[in-house]
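Undergrad: Sharing upload.pdb below, PDB, C-alpha atoms:
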MODEL        1
ATOM      1  CA  LEU A   1       3.312 -32.850 -25.212  1.00  0.00           C
ATOM      2  CA  GLN A   2       1.849 -36.172 -26.269  1.00  0.00           C
ATOM      3  CA  THR A   3      -0.416 -36.363 -23.186  1.00  0.00           C
ATOM      4  CA  LEU A   4      -1.839 -32.957 -24.093  1.00  0.00           C
ATOM      5  CA  GLN A   5      -2.770 -34.294 -27.534  1.00  0.00           C
ATOM      6  CA  SER A   6      -4.150 -37.665 -26.402  1.00  0.00           C
ATOM      7  CA  PRO A   7      -7.888 -38.391 -26.594  1.00  0.00           C
ATOM      8  CA  GLY A   8      -9.830 -37.059 -23.608  1.00  0.00           C
ATOM      9  CA  SER A   9      -7.189 -34.483 -22.658  1.00  0.00           C
ATOM     10  CA  PRO A  10      -7.861 -30.747 -22.871  1.00  0.00           C
ATOM     11  CA  GLY A  11      -5.288 -30.316 -25.645  1.00  0.00           C
ATOM     12  CA  LEU A  12      -2.988 -27.443 -26.435  1.00  0.00           C
ATOM     13  CA  ALA A  13      -5.859 -25.262 -27.634  1.00  0.00           C
ATOM     14  CA  SER A  14      -7.194 -24.932 -24.077  1.00  0.00           C
ATOM     15  CA  PHE A  15      -4.034 -23.201 -22.844  1.00  0.00           C
ATOM     16  CA  LYS A  16      -3.893 -19.430 -23.089  1.00  0.00           C
ATOM     17  CA  ARG A  17      -0.589 -17.933 -24.169  1.00  0.00           C
ATOM     18  CA  ALA A  18       0.757 -15.677 -21.418  1.00  0.00           C
ATOM     19  CA  GLU A  19       1.271 -12.043 -22.300  1.00  0.00           C
ATOM     20  CA  ARG A  20       4.945 -11.095 -22.493  1.00  0.00           C
ATOM     21  CA  LEU A  21       5.835  -8.423 -19.950  1.00  0.00           C
ATOM     22  CA  SER A  22       7.896  -5.390 -20.887  1.00  0.00           C
ATOM     23  CA  LEU A  23      11.015  -4.602 -18.868  1.00  0.00           C
ATOM     24  CA  PRO A  24       9.234  -1.947 -16.721  1.00  0.00           C
ATOM     25  CA  GLN A  25       6.340  -4.351 -16.101  1.00  0.00           C
ATOM     26  CA  THR A  26       8.762  -7.134 -15.137  1.00  0.00           C
ATOM     27  CA  LEU A  27      10.640  -4.857 -12.745  1.00  0.00           C
ATOM     28  CA  LYS A  28       7.344  -3.786 -11.179  1.00  0.00           C
ATOM     29  CA  VAL A  29       6.337  -7.431 -10.664  1.00  0.00           C
ATOM     30  CA  TYR A  30       9.733  -8.187  -9.078  1.00  0.00           C
ATOM     31  CA  SER A  31       9.280  -5.155  -6.833  1.00  0.00           C
ATOM     32  CA  GLN A  32       5.871  -6.447  -5.759  1.00  0.00           C
ATOM     33  CA  LEU A  33       7.195  -9.975  -5.182  1.00  0.00           C
ATOM     34  CA  SER A  34       9.964  -8.480  -3.058  1.00  0.00           C
ATOM     35  CA  LYS A  35       7.494  -6.409  -1.027  1.00  0.00           C
ATOM     36  CA  SER A  36       9.796  -3.495  -1.774  1.00  0.00           C
ATOM     37  CA  ARG A  37       8.639  -1.274   1.100  1.00  0.00           C
ATOM     38  CA  LEU A  38       9.215  -4.029   3.655  1.00  0.00           C
ATOM     39  CA  THR A  39      12.533  -4.922   2.011  1.00  0.00           C
ATOM     40  CA  THR A  40      13.618  -1.278   2.242  1.00  0.00           C
ATOM     41  CA  LEU A  41      12.849  -1.187   5.968  1.00  0.00           C
ATOM     42  CA  VAL A  42      14.731  -4.438   6.578  1.00  0.00           C
ATOM     43  CA  THR A  43      17.703  -3.106   4.604  1.00  0.00           C
ATOM     44  CA  LEU A  44      17.745   0.125   6.601  1.00  0.00           C
ATOM     45  CA  THR A  45      17.786  -1.781   9.902  1.00  0.00           C
ATOM     46  CA  ALA A  46      20.711  -3.886   8.657  1.00  0.00           C
ATOM     47  CA  MET A  47      22.620  -0.779   7.587  1.00  0.00           C
ATOM     48  CA  ALA A  48      21.941   0.789  10.983  1.00  0.00           C
ATOM     49  CA  GLY A  49      23.463  -2.295  12.605  1.00  0.00           C
ATOM     50  CA  VAL A  50      26.615  -1.839  10.522  1.00  0.00           C
ATOM     51  CA  ALA A  51      26.766   1.885  11.282  1.00  0.00           C
ATOM     52  CA  LEU A  52      26.449   1.249  15.036  1.00  0.00           C
ATOM     53  CA  SER A  53      28.985  -1.569  15.074  1.00  0.00           C
ATOM     54  CA  PRO A  54      32.150  -0.934  17.071  1.00  0.00           C
ATOM     55  CA  TYR A  55      34.189  -2.444  14.232  1.00  0.00           C
ATOM     56  CA  PRO A  56      35.594  -0.223  11.509  1.00  0.00           C
ATOM     57  CA  THR A  57      33.574  -0.239   8.302  1.00  0.00           C
ATOM     58  CA  SER A  58      33.795   1.171   4.819  1.00  0.00           C
ATOM     59  CA  VAL A  59      31.381   2.386   2.174  1.00  0.00           C
ATOM     60  CA  PRO A  60      31.788  -0.825   0.087  1.00  0.00           C
ATOM     61  CA  VAL A  61      30.920  -2.928   3.144  1.00  0.00           C
ATOM     62  CA  LEU A  62      27.890  -0.763   3.893  1.00  0.00           C
ATOM     63  CA  ILE A  63      26.684  -0.958   0.262  1.00  0.00           C
ATOM     64  CA  SER A  64      27.331  -4.718   0.117  1.00  0.00           C
ATOM     65  CA  THR A  65      25.374  -5.145   3.340  1.00  0.00           C
ATOM     66  CA  ALA A  66      22.478  -3.196   1.848  1.00  0.00           C
ATOM     67  CA  VAL A  67      22.454  -5.111  -1.447  1.00  0.00           C
ATOM     68  CA  GLY A  68      22.931  -8.534   0.148  1.00  0.00           C
ATOM     69  CA  THR A  69      20.258  -7.887   2.758  1.00  0.00           C
ATOM     70  CA  ALA A  70      17.815  -6.555   0.151  1.00  0.00           C
ATOM     71  CA  LEU A  71      18.311  -9.682  -1.966  1.00  0.00           C
ATOM     72  CA  CYS A  72      17.787 -11.949   1.059  1.00  0.00           C
ATOM     73  CA  ALA A  73      14.606 -10.077   1.980  1.00  0.00           C
ATOM     74  CA  ALA A  74      13.384 -10.224  -1.628  1.00  0.00           C
ATOM     75  CA  SER A  75      13.889 -13.986  -1.641  1.00  0.00           C
ATOM     76  CA  ALA A  76      12.114 -14.531   1.677  1.00  0.00           C
ATOM     77  CA  ASN A  77       9.185 -12.344   0.633  1.00  0.00           C
ATOM     78  CA  THR A  78       8.892 -14.083  -2.732  1.00  0.00           C
ATOM     79  CA  PHE A  79       8.842 -17.562  -1.203  1.00  0.00           C
ATOM     80  CA  ASN A  80       6.300 -16.328   1.342  1.00  0.00           C
ATOM     81  CA  GLN A  81       3.998 -15.125  -1.445  1.00  0.00           C
ATOM     82  CA  ILE A  82       4.371 -18.383  -3.397  1.00  0.00           C
ATOM     83  CA  GLN A  83       3.010 -20.279  -0.389  1.00  0.00           C
ATOM     84  CA  GLU A  84       0.284 -17.763   0.398  1.00  0.00           C
ATOM     85  CA  VAL A  85      -1.513 -17.524  -2.985  1.00  0.00           C
ATOM     86  CA  PRO A  86      -4.769 -19.214  -1.847  1.00  0.00           C
ATOM     87  CA  PHE A  87      -4.956 -17.023   1.249  1.00  0.00           C
ATOM     88  CA  ASP A  88      -3.854 -13.834  -0.498  1.00  0.00           C
ATOM     89  CA  ALA A  89      -6.646 -14.314  -3.043  1.00  0.00           C
ATOM     90  CA  GLN A  90      -9.210 -14.087  -0.241  1.00  0.00           C
ATOM     91  CA  MET A  91      -8.070 -10.807   1.340  1.00  0.00           C
ATOM     92  CA  ALA A  92      -8.685  -7.344  -0.086  1.00  0.00           C
ATOM     93  CA  ARG A  93      -5.229  -6.142   1.043  1.00  0.00           C
ATOM     94  CA  THR A  94      -3.375  -8.931  -0.789  1.00  0.00           C
ATOM     95  CA  ARG A  95      -5.555  -9.951  -3.722  1.00  0.00           C
ATOM     96  CA  ASN A  96      -3.621  -7.758  -6.160  1.00  0.00           C
ATOM     97  CA  ARG A  97      -0.287  -9.458  -5.535  1.00  0.00           C
ATOM     98  CA  PRO A  98       1.384 -10.666  -8.754  1.00  0.00           C
ATOM     99  CA  LEU A  99       0.932 -14.395  -8.200  1.00  0.00           C
ATOM    100  CA  VAL A 100      -2.727 -14.013  -7.278  1.00  0.00           C
ATOM    101  CA  ARG A 101      -3.518 -11.997 -10.385  1.00  0.00           C
ATOM    102  CA  LYS A 102      -1.303 -14.323 -12.478  1.00  0.00           C
ATOM    103  CA  ALA A 103       1.041 -11.538 -13.611  1.00  0.00           C
ATOM    104  CA  ILE A 104       3.896 -14.016 -13.158  1.00  0.00           C
ATOM    105  CA  SER A 105       3.973 -17.806 -13.068  1.00  0.00           C
ATOM    106  CA  PRO A 106       4.859 -19.686  -9.877  1.00  0.00           C
ATOM    107  CA  VAL A 107       7.870 -21.180 -11.698  1.00  0.00           C
ATOM    108  CA  HIS A 108       9.139 -17.719 -12.677  1.00  0.00           C
ATOM    109  CA  ALA A 109       8.576 -16.448  -9.125  1.00  0.00           C
ATOM    110  CA  THR A 110      10.404 -19.483  -7.712  1.00  0.00           C
ATOM    111  CA  ALA A 111      13.351 -18.810 -10.028  1.00  0.00           C
ATOM    112  CA  PHE A 112      13.435 -15.174  -8.884  1.00  0.00           C
ATOM    113  CA  GLY A 113      13.313 -16.274  -5.234  1.00  0.00           C
ATOM    114  CA  ALA A 114      16.091 -18.801  -5.782  1.00  0.00           C
ATOM    115  CA  VAL A 115      18.377 -16.376  -7.636  1.00  0.00           C
ATOM    116  CA  THR A 116      17.946 -13.651  -5.018  1.00  0.00           C
ATOM    117  CA  GLY A 117      18.247 -16.259  -2.243  1.00  0.00           C
ATOM    118  CA  ILE A 118      21.612 -17.394  -3.584  1.00  0.00           C
ATOM    119  CA  ALA A 119      22.936 -13.970  -4.602  1.00  0.00           C
ATOM    120  CA  GLY A 120      22.127 -12.252  -1.282  1.00  0.00           C
ATOM    121  CA  PRO A 121      24.078 -14.600   0.981  1.00  0.00           C
ATOM    122  CA  ALA A 122      26.859 -14.852  -1.643  1.00  0.00           C
ATOM    123  CA  ILE A 123      27.344 -11.071  -1.600  1.00  0.00           C
ATOM    124  CA  LEU A 124      27.230 -11.012   2.190  1.00  0.00           C
ATOM    125  CA  PHE A 125      29.755 -13.878   2.350  1.00  0.00           C
ATOM    126  CA  THR A 126      32.264 -12.399  -0.084  1.00  0.00           C
ATOM    127  CA  MET A 127      31.934  -8.704   0.734  1.00  0.00           C
ATOM    128  CA  VAL A 128      30.866  -8.558   4.399  1.00  0.00           C
ATOM    129  CA  THR A 129      31.435 -11.656   6.585  1.00  0.00           C
ATOM    130  CA  PRO A 130      30.490 -15.332   6.554  1.00  0.00           C
ATOM    131  CA  VAL A 131      28.456 -14.679   9.709  1.00  0.00           C
ATOM    132  CA  ALA A 132      26.382 -12.054   7.883  1.00  0.00           C
ATOM    133  CA  ALA A 133      25.811 -14.548   5.052  1.00  0.00           C
ATOM    134  CA  GLY A 134      24.683 -17.192   7.528  1.00  0.00           C
ATOM    135  CA  LEU A 135      22.290 -14.778   9.193  1.00  0.00           C
ATOM    136  CA  GLY A 136      20.881 -13.746   5.790  1.00  0.00           C
ATOM    137  CA  ALA A 137      20.342 -17.354   4.742  1.00  0.00           C
ATOM    138  CA  ALA A 138      18.844 -18.199   8.146  1.00  0.00           C
ATOM    139  CA  ASN A 139      16.405 -15.317   7.798  1.00  0.00           C
ATOM    140  CA  ILE A 140      15.222 -16.586   4.406  1.00  0.00           C
ATOM    141  CA  ILE A 141      14.599 -20.028   5.900  1.00  0.00           C
ATOM    142  CA  LEU A 142      12.951 -18.701   9.061  1.00  0.00           C
ATOM    143  CA  TYR A 143      10.600 -16.278   7.273  1.00  0.00           C
ATOM    144  CA  ALA A 144       9.718 -18.310   4.196  1.00  0.00           C
ATOM    145  CA  GLY A 145       9.719 -21.597   6.044  1.00  0.00           C
ATOM    146  CA  ALA A 146       8.971 -21.524   9.745  1.00  0.00           C
ATOM    147  CA  TYR A 147       7.114 -18.197  10.028  1.00  0.00           C
ATOM    148  CA  THR A 148       4.904 -18.671   6.963  1.00  0.00           C
ATOM    149  CA  TRP A 149       3.991 -22.218   7.950  1.00  0.00           C
ATOM    150  CA  LEU A 150       3.438 -21.415  11.637  1.00  0.00           C
ATOM    151  CA  LYS A 151       1.223 -18.376  11.150  1.00  0.00           C
ATOM    152  CA  ARG A 152      -1.712 -20.634  10.235  1.00  0.00           C
ATOM    153  CA  LYS A 153      -0.906 -23.193  12.930  1.00  0.00           C
ATOM    154  CA  SER A 154       0.260 -21.506  16.124  1.00  0.00           C
ATOM    155  CA  VAL A 155       0.768 -18.211  17.904  1.00  0.00           C
ATOM    156  CA  SER A 156       4.428 -19.190  18.242  1.00  0.00           C
ATOM    157  CA  ASN A 157       4.850 -17.646  14.792  1.00  0.00           C
ATOM    158  CA  THR A 158       5.063 -14.334  16.674  1.00  0.00           C
ATOM    159  CA  TRP A 159       8.285 -15.502  18.324  1.00  0.00           C
ATOM    160  CA  VAL A 160       9.733 -16.621  15.012  1.00  0.00           C
ATOM    161  CA  GLY A 161       8.685 -13.268  13.511  1.00  0.00           C
ATOM    162  CA  ALA A 162      10.512 -11.470  16.313  1.00  0.00           C
ATOM    163  CA  VAL A 163      13.706 -13.360  15.488  1.00  0.00           C
ATOM    164  CA  VAL A 164      13.221 -12.613  11.780  1.00  0.00           C
ATOM    165  CA  GLY A 165      12.899  -8.911  12.588  1.00  0.00           C
ATOM    166  CA  GLY A 166      15.894  -8.924  14.905  1.00  0.00           C
ATOM    167  CA  LEU A 167      18.403 -10.669  12.642  1.00  0.00           C
ATOM    168  CA  PRO A 168      19.009  -7.896  10.025  1.00  0.00           C
ATOM    169  CA  PRO A 169      20.542  -5.372  12.462  1.00  0.00           C
ATOM    170  CA  LEU A 170      22.470  -8.190  14.106  1.00  0.00           C
TER     171      LEU A 170
ENDMDL
END
Show this structure as structure tokens.

TA:
Amino acid sequence: LQTLQSPGSPGLASFKRAERLSLPQTLKVYSQLSKSRLTTLVTLTAMAGVALSPYPTSVPVLISTAVGTALCAASANTFNQIQEVPFDAQMARTRNRPLVRKAISPVHATAFGAVTGIAGPAILFTMVTPVAAGLGAANIILYAGAYTWLKRKSVSNTWVGAVVGGLPPL
């Protein structure tokens, strides 16, 4: 606080107070950070994998798989968007994403990504299997880490993307 009030610094007056979001607005931003349509598709492929499994399953396991997978996908998509802000701002298709339009701060988005990234694998671990939790955590790391970084560097991102797409039904 003192550095903001020191001579030559912009001072507190130069900062604009962020508008407080209502609950529906906040949920909409979280939905956009999660890329809810993509998350829904990923969740459906994971549920299909459970339904086709030769092992016996139950409704609680199926629901836990859906919730845990959706949270993992939400985390991966959020961390992807955090890294992509400068690029998203340049494309018509992505320039209305919440971080680009400053509807949510990067710190808030990071907290959302971290909470969903911990909760998803935790649900998969406790309610499904440790293997499912490991695959969920691996998918967060592969998509938000390797895939996002590689897509600007190498065509090998396509191979990583194929693995990312194949893990949910597995």

Undergrad: Rounded to one decimal in Å, what is the spacing between atom CA of Leu62 of chain A and atom CA of Val128 of chain A?

TA: 8.4 Å

Undergrad: Rounded to one decimal place, report the atom CA of Gly165 of chain A-atom CA of Val42 of chain A distance in Å.

TA: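 Result for atom CA of Gly165 of chain A versus atom CA of Val42 of chain A: 7.7 Å, one decimal.
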
Undergrad: List the residues matched by the PyMOL selection byres ((chain A and resi 73) around 9) in the displayed structure as a PyMOL selection string, ordered by chain and then by residue number.

TA: chain A and resi 34-36+38-40+42-43+68-72+74-78+116-117+120+136+139-140

Undergrad: Would you save the residues of that selection, restricted to C-alpha atoms, as a compact mmCIF listing (two decimals), in the frame of the given file?

TA:
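For reference, selection07.txt as written:
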# COMPACT_ATOMS: atom_id res chain seq x y z
CA SER A 34 9.96 -8.48 -3.06
CA LYS A 35 7.49 -6.41 -1.03
CA SER A 36 9.80 -3.50 -1.77
CA LEU A 38 9.22 -4.03 3.66
CA THR A 39 12.53 -4.92 2.01
CA THR A 40 13.62 -1.28 2.24
CA VAL A 42 14.73 -4.44 6.58
CA THR A 43 17.70 -3.11 4.60
CA GLY A 68 22.93 -8.53 0.15
CA THR A 69 20.26 -7.89 2.76
CA ALA A 70 17.82 -6.56 0.15
CA LEU A 71 18.31 -9.68 -1.97
CA CYS A 72 17.79 -11.95 1.06
CA ALA A 74 13.38 -10.22 -1.63
CA SER A 75 13.89 -13.99 -1.64
CA ALA A 76 12.11 -14.53 1.68
CA ASN A 77 9.18 -12.34 0.63
CA THR A 78 8.89 -14.08 -2.73
CA THR A 116 17.95 -13.65 -5.02
CA GLY A 117 18.25 -16.26 -2.24
CA GLY A 120 22.13 -12.25 -1.28
CA GLY A 136 20.88 -13.75 5.79
CA ASN A 139 16.40 -15.32 7.80
CA ILE A 140 15.22 -16.59 4.41

Undergrad: Rounded to one decimal, what separation in Å do you get between atom CA of Thr45 of chain A and atom CA of Thr158 of chain A?

TA: 19.1 Å

Undergrad: Tell me which of A:Lys151, A:Val61, A:Pro168, A:Arg20 sits closest to Phe87 of chain A, counting all atoms listed in the file.

TA: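 Residue with the minimum atom-to-atom distance to Phe87 of chain A: A:Lys151.
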
Undergrad: Given all atoms listed in the file as the basis, pick out the residue of A:Ala162, A:Val155, A:Ile63, A:Ala122 nearest to Val50 of chain A.

TA: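 Result for the nearest residue to Val50 of chain A: A:Ile63.
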
Undergrad: So that all listed atoms of segment 137-150 of chain A fit with 6 Å spare on each side, what axis-aligned box centre and edge lengths in Å, to one decimal, would you give as AutoDock Vina command-line options?

TA:
--center_x 11.9 --center_y -18.8 --center_z 7.9 --size_x 28.9 --size_y 18.9 --size_z 19.4

Undergrad: Could you check which of A:Gly161, A:Pro106, A:Pro169, A:Gly113 is closest to Leu135 of chain A, using all atoms listed in the file?

TA: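 Closest to Leu135 of chain A of all the choices is A:Pro169.
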
Undergrad: Using the chain letters and numbers from the file, which residues does the PyMOL selection byres ((chain A and resi 123) around 8) grab, as a list in words?

TA: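 Output of the PyMOL selection byres ((chain A and resi 123) around 8): Ser64, Thr65, Val67, Gly68, Ala119, Gly120, Pro121, Ala122, Leu124, Phe125, Thr126, Met127, Val128 and Ala133 of chain A.
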
Undergrad: Could you check which of A:Arg93, A:Asn157, A:Ile82, A:Tyr55 is closest to Ser105 of chain A, using only C-alpha atoms?

TA: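 Of A:Arg93, A:Asn157, A:Ile82, A:Tyr55, the one nearest Ser105 of chain A is A:Ile82, counting only C-alpha atoms.
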
Undergrad: Using all atoms listed in the file, which residues sit within 8 Å of Leu142 of chain A once same-chain residues fewer than 4 positions away are excluded, as a VMD selection string?

TA: chain A and resid 138 146 to 147 160 164

Undergrad: Since the input is missing atoms for segment 155-170 of chain A, could you rebuild it with N, CA and C atoms and give the result as a short mmCIF file (atom, residue, chain, number, x, y, z; two decimals), keeping the file's coordinate frame?

TA:
data_model
loop_
_atom_site.label_atom_id
_atom_site.label_comp_id
_atom_site.auth_asym_id
_atom_site.auth_seq_id
_atom_site.Cartn_x
_atom_site.Cartn_y
_atom_site.Cartn_z
N VAL A 155 0.37 -19.57 17.56
CA VAL A 155 0.77 -18.21 17.90
C VAL A 155 2.28 -18.10 18.09
N SER A 156 2.97 -19.23 18.11
CA SER A 156 4.43 -19.19 18.24
C SER A 156 5.08 -18.55 17.02
N ASN A 157 4.31 -18.35 15.95
CA ASN A 157 4.85 -17.65 14.79
C ASN A 157 5.30 -16.24 15.18
N THR A 158 4.68 -15.67 16.21
CA THR A 158 5.06 -14.33 16.67
C THR A 158 6.51 -14.33 17.17
N TRP A 159 6.91 -15.40 17.83
CA TRP A 159 8.28 -15.50 18.32
C TRP A 159 9.26 -15.65 17.16
N VAL A 160 8.88 -16.46 16.20
CA VAL A 160 9.73 -16.62 15.01
C VAL A 160 9.83 -15.29 14.27
N GLY A 161 8.70 -14.58 14.16
CA GLY A 161 8.68 -13.27 13.51
C GLY A 161 9.57 -12.27 14.23
N ALA A 162 9.64 -12.36 15.54
CA ALA A 162 10.51 -11.47 16.31
C ALA A 162 11.98 -11.74 15.99
N VAL A 163 12.33 -13.00 15.86
CA VAL A 163 13.71 -13.36 15.49
C VAL A 163 14.00 -12.85 14.08
N VAL A 164 13.06 -13.07 13.16
CA VAL A 164 13.22 -12.61 11.78
C VAL A 164 13.46 -11.10 11.74
N GLY A 165 12.73 -10.36 12.54
CA GLY A 165 12.90 -8.91 12.59
C GLY A 165 14.19 -8.48 13.26
N GLY A 166 14.68 -9.28 14.17
CA GLY A 166 15.89 -8.92 14.90
C GLY A 166 17.20 -9.28 14.22
N LEU A 167 17.17 -10.23 13.28
CA LEU A 167 18.40 -10.67 12.64
C LEU A 167 19.06 -9.62 11.73
N PRO A 168 18.32 -8.85 10.93
CA PRO A 168 19.01 -7.90 10.02
C PRO A 168 19.95 -6.91 10.73
N PRO A 169 19.55 -6.26 11.82
CA PRO A 169 20.54 -5.37 12.46
C PRO A 169 21.68 -6.14 13.12
N LEU A 170 21.42 -7.38 13.50
CA LEU A 170 22.47 -8.19 14.11
C LEU A 170 23.56 -8.48 13.09
#
